[in-house]
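Text of target.json (JSON, C-alpha atoms) as supplied:
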```json
[["chain", "number", "residue", "atom", "x", "y", "z"],
["Y", 69, "MET", "CA", 53.32, -11.93, 4.00],
["Y", 70, "ALA", "CA", 50.52, -11.10, 6.48],
["Y", 71, "LYS", "CA", 49.82, -7.82, 4.66],
["Y", 72, "LEU", "CA", 49.46, -9.66, 1.36],
["Y", 73, "GLY", "CA", 46.98, -12.07, 2.97],
["Y", 74, "ALA", "CA", 44.93, -9.18, 4.33],
["Y", 75, "VAL", "CA", 44.89, -7.48, 0.93],
["Y", 76, "LEU", "CA", 43.85, -10.72, -0.77],
["Y", 77, "LEU", "CA", 41.08, -11.30, 1.78],
["Y", 78, "THR", "CA", 39.78, -7.73, 1.38],
["Y", 79, "ALA", "CA", 39.82, -7.99, -2.42],
["Y", 80, "THR", "CA", 37.96, -11.30, -2.26],
["Y", 81, "MET", "CA", 35.31, -9.87, 0.04],
["Y", 82, "LEU", "CA", 34.81, -6.81, -2.17],
["Y", 83, "ALA", "CA", 34.51, -8.97, -5.27],
["Y", 84, "ALA", "CA", 31.96, -11.28, -3.63],
["Y", 85, "THR", "CA", 29.77, -8.55, -2.08],
["Y", 86, "PRO", "CA", 28.16, -7.21, -5.31],
["Y", 87, "LEU", "CA", 27.19, -10.75, -6.35],
["Y", 88, "ALA", "CA", 25.43, -11.39, -3.05],
["Y", 89, "THR", "CA", 23.71, -8.00, -3.20],
["Y", 90, "SER", "CA", 22.55, -8.53, -6.80],
["Y", 91, "PHE", "CA", 21.20, -11.97, -6.01],
["Y", 92, "ALA", "CA", 19.30, -10.74, -2.96],
["Y", 93, "ALA", "CA", 17.91, -7.78, -4.90],
["Y", 94, "ALA", "CA", 16.73, -10.06, -7.69],
["Y", 95, "GLU", "CA", 14.55, -12.03, -5.27],
["Y", 96, "ALA", "CA", 13.09, -9.08, -3.38],
["Y", 97, "PRO", "CA", 9.86, -7.57, -4.69],
["Y", 98, "GLN", "CA", 10.38, -4.27, -6.49],
["Y", 99, "ARG", "CA", 7.93, -1.59, -7.52],
["Y", 100, "ILE", "CA", 7.33, 0.10, -10.86],
["Y", 101, "ALA", "CA", 8.61, 3.63, -10.37],
["Y", 102, "HIS", "CA", 7.13, 5.65, -13.25],
["Y", 103, "ASP", "CA", 3.90, 6.46, -15.02],
["Y", 104, "ALA", "CA", 3.80, 5.12, -18.55],
["Y", 105, "ALA", "CA", 6.32, 2.37, -17.77],
["Y", 106, "TRP", "CA", 6.05, -0.40, -20.30],
["Y", 107, "GLY", "CA", 7.64, -3.77, -20.95],
["Y", 108, "CYS", "CA", 7.61, -6.43, -23.65],
["Y", 109, "ARG", "CA", 7.75, -10.22, -23.62],
["Y", 110, "ASP", "CA", 10.59, -10.22, -26.17],
["Y", 111, "LYS", "CA", 13.79, -8.35, -25.40],
["Y", 112, "HIS", "CA", 14.21, -7.46, -29.09],
["Y", 113, "ASP", "CA", 10.90, -5.57, -29.08],
["Y", 114, "VAL", "CA", 12.21, -3.45, -26.20],
["Y", 115, "PHE", "CA", 15.46, -2.75, -28.07],
["Y", 116, "ASP", "CA", 13.54, -1.80, -31.21],
["Y", 117, "LEU", "CA", 11.29, 0.59, -29.30],
["Y", 118, "LEU", "CA", 14.16, 2.15, -27.35],
["Y", 119, "PHE", "CA", 16.07, 2.66, -30.60],
["Y", 120, "LEU", "CA", 13.15, 4.69, -31.95],
["Y", 121, "GLY", "CA", 13.47, 6.98, -28.92],
["Y", 122, "LEU", "CA", 11.79, 10.29, -29.55],
["Y", 123, "SER", "CA", 10.95, 9.68, -33.18],
["Y", 124, "THR", "CA", 7.37, 10.09, -34.32],
["Y", 125, "SER", "CA", 7.07, 6.39, -35.14],
["Y", 126, "PHE", "CA", 7.71, 5.39, -31.47],
["Y", 127, "ASP", "CA", 4.10, 6.01, -30.44],
["Y", 128, "ASP", "CA", 2.76, 4.04, -33.41],
["Y", 129, "LYS", "CA", 5.11, 1.09, -32.82],
["Y", 130, "LEU", "CA", 4.35, 1.00, -29.09],
["Y", 131, "ALA", "CA", 0.60, 1.22, -29.72],
["Y", 132, "SER", "CA", 0.86, -1.67, -32.19],
["Y", 133, "ALA", "CA", 2.87, -3.79, -29.73],
["Y", 134, "LEU", "CA", 0.37, -3.02, -26.95],
["Y", 135, "ALA", "CA", -2.57, -3.93, -29.19],
["Y", 136, "ASP", "CA", -0.89, -7.21, -30.23],
["Y", 137, "GLY", "CA", -0.25, -8.14, -26.60],
["Y", 138, "ARG", "CA", 3.53, -8.22, -27.14],
["Y", 139, "CYS", "CA", 3.97, -5.33, -24.71],
["Y", 140, "VAL", "CA", 2.09, -4.03, -21.67],
["Y", 141, "TYR", "CA", 1.88, -0.92, -19.53],
["Y", 142, "PHE", "CA", 2.70, -1.29, -15.86],
["Y", 143, "MET", "CA", 0.80, 0.57, -13.16],
["Y", 144, "PRO", "CA", 2.89, 2.95, -11.03],
["Y", 145, "GLY", "CA", 3.70, 1.18, -7.75],
["Y", 146, "GLU", "CA", 2.90, -2.25, -9.21],
["Y", 147, "SER", "CA", 4.85, -5.01, -7.49],
["Y", 148, "VAL", "CA", 7.23, -7.00, -9.72],
["Y", 149, "THR", "CA", 10.16, -9.33, -9.12],
["Y", 150, "ILE", "CA", 13.40, -9.00, -11.08],
["Y", 151, "ILE", "CA", 14.08, -12.42, -12.58],
["Y", 152, "GLU", "CA", 17.10, -11.66, -14.73],
["Y", 153, "GLN", "CA", 19.56, -8.83, -15.24],
["Y", 154, "GLY", "CA", 19.92, -8.22, -18.96],
["Y", 155, "SER", "CA", 22.41, -6.27, -20.99],
["Y", 156, "HIS", "CA", 22.22, -2.57, -21.83],
["Y", 157, "GLY", "CA", 20.17, -1.62, -18.76],
["Y", 158, "LEU", "CA", 17.30, -4.05, -19.26],
["Y", 159, "VAL", "CA", 15.79, -6.35, -16.64],
["Y", 160, "LYS", "CA", 13.34, -9.20, -16.91],
["Y", 161, "VAL", "CA", 10.54, -8.74, -14.39],
["Y", 162, "GLN", "CA", 7.76, -11.05, -13.34],
["Y", 163, "ARG", "CA", 4.26, -9.89, -12.53],
["Y", 164, "GLY", "CA", 2.42, -11.70, -9.79],
["Y", 165, "GLY", "CA", -0.99, -13.26, -10.21],
["Y", 166, "ALA", "CA", -2.55, -16.63, -10.89],
["Y", 167, "GLU", "CA", -0.26, -17.17, -13.89],
["Y", 168, "PRO", "CA", 2.92, -15.10, -13.50],
["Y", 169, "VAL", "CA", 4.13, -13.51, -16.73],
["Y", 170, "THR", "CA", 7.58, -12.07, -17.46],
["Y", 171, "TYR", "CA", 8.45, -8.93, -19.39],
["Y", 172, "TRP", "CA", 11.64, -7.08, -20.33],
["Y", 173, "THR", "CA", 11.75, -3.43, -19.31],
["Y", 174, "PRO", "CA", 14.42, -0.75, -18.84],
["Y", 175, "LEU", "CA", 15.86, -0.85, -15.31],
["Y", 176, "ARG", "CA", 14.95, 2.82, -14.82],
["Y", 177, "ASN", "CA", 11.28, 1.73, -14.65],
["Y", 178, "VAL", "CA", 11.90, -0.33, -11.50],
["Y", 179, "ASP", "CA", 12.36, 1.28, -8.10]]
```
Spit out the file's structure as structure tokens when you get a sec.
Amino acid sequence: MAKLGAVLLTATMLAATPLATSFAAAEAPQRIAHDAAWGCRDKHDVFDLLFLGLSTSFDDKLASALADGRCVYFMPGESVTIIEQGSHGLVKVQRGGAEPVTYWTPLRNVD
């Protein structure tokens, strides 16, 4: 019976550890890791742009979204805070400043 208790305790600790780590990581400031990292206010805009991938229309769509203010470029090394973990490798990050603004971006853009 003691072995079963130890196994249950170990399993519980392992299951709880990633949640604590994810929560702590979400509050810690992160940095933008790449040149040409971009993000959009609407998650669907990010999905649409990622779906275009390497197609020739990607540059046009991104330029249009940047001009409209729906999307922005981040500076390499810029400090952001992860606010929300999204699906399919996206995260919602918040820029600092007088009026903090949030954007969705692929997780690979955040260090």
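Going from atom CA of Thr173 of chain Y over to atom CA of Leu158 of chain Y, you cover 5.6 Å.
With all atoms listed in the file taken into account, the protein and nucleic acid residues at most 12 Å from Ser155 of chain Y (excluding it and anything under 2 positions from it in its own chain) are Lys111, His112, Val114, Phe115, Glu152, Gln153, Gly157, Leu158, Val159, Lys160, Trp172, Thr173, Pro174 and Leu175 of chain Y.
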Near Val178 of chain Y, counting all atoms listed in the file, which residues have an atom at most 7 Å away, once you skip same-chain residues fewer than 2 positions from it, shown as a PDB file with C-alpha atoms, in the frame of the given file?
```pdb
ATOM      1  CA  GLN Y  98      10.380  -4.270  -6.490  1.00  0.00           C
ATOM      2  CA  ARG Y  99       7.930  -1.590  -7.520  1.00  0.00           C
ATOM      3  CA  ILE Y 100       7.330   0.100 -10.860  1.00  0.00           C
ATOM      4  CA  ALA Y 101       8.610   3.630 -10.370  1.00  0.00           C
ATOM      5  CA  LEU Y 175      15.860  -0.850 -15.310  1.00  0.00           C
ATOM      6  CA  ARG Y 176      14.950   2.820 -14.820  1.00  0.00           C
TER       7      ARG Y 176
END
```
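Closest approach to Arg109 of chain Y from the set Y:Ser125, Y:Ile151, Y:Ser132, Y:Val140 is made by Y:Val140, with distances taken over all atoms listed in the file.
Picture a line from atom CA of Leu130 of chain Y to atom CA of Trp106 of chain Y; it runs 9.1 Å.
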At a cut-off of 6 Å, can you tabulate as a tab-separated table every residue of segment 81-164 of chain Y near segment 168-171 of chain Y together with its closest atom pair and the distance in Å to one decimal, using only C-alpha atoms and ordering rows by chain then number?
```
residue	atom	partner	partner_atom	distance
Y:Gly107	CA	Y:Tyr171	CA	5.5
Y:Cys108	CA	Y:Tyr171	CA	5.0
Y:Arg109	CA	Y:Tyr171	CA	4.5
Y:Lys160	CA	Y:Tyr171	CA	5.5
Y:Val161	CA	Y:Thr170	CA	5.4
Y:Gln162	CA	Y:Thr170	CA	4.2
Y:Arg163	CA	Y:Pro168	CA	5.5
Y:Gly164	CA	Y:Pro168	CA	5.1
```
> For Cys139 of chain Y, which residue out of Y:Asp127, Y:Asp110, Y:Asp116, Y:Asp179 is the nearest one, using only C-alpha atoms?
Replying inline: Y:Asp110
> From the set Y:Pro97, Y:Gly165, Y:Leu118, Y:Leu134, which residue has the shortest atom-to-atom contact distance to Ser147 of chain Y, counting only C-alpha atoms?
Replying inline: Y:Pro97
> For Ile150 of chain Y, which of Y:Ala133, Y:Asn177, Y:Ala105, Y:Leu117 is the closest residue, counting all atoms listed in the file?
Replying inline: Y:Asn177
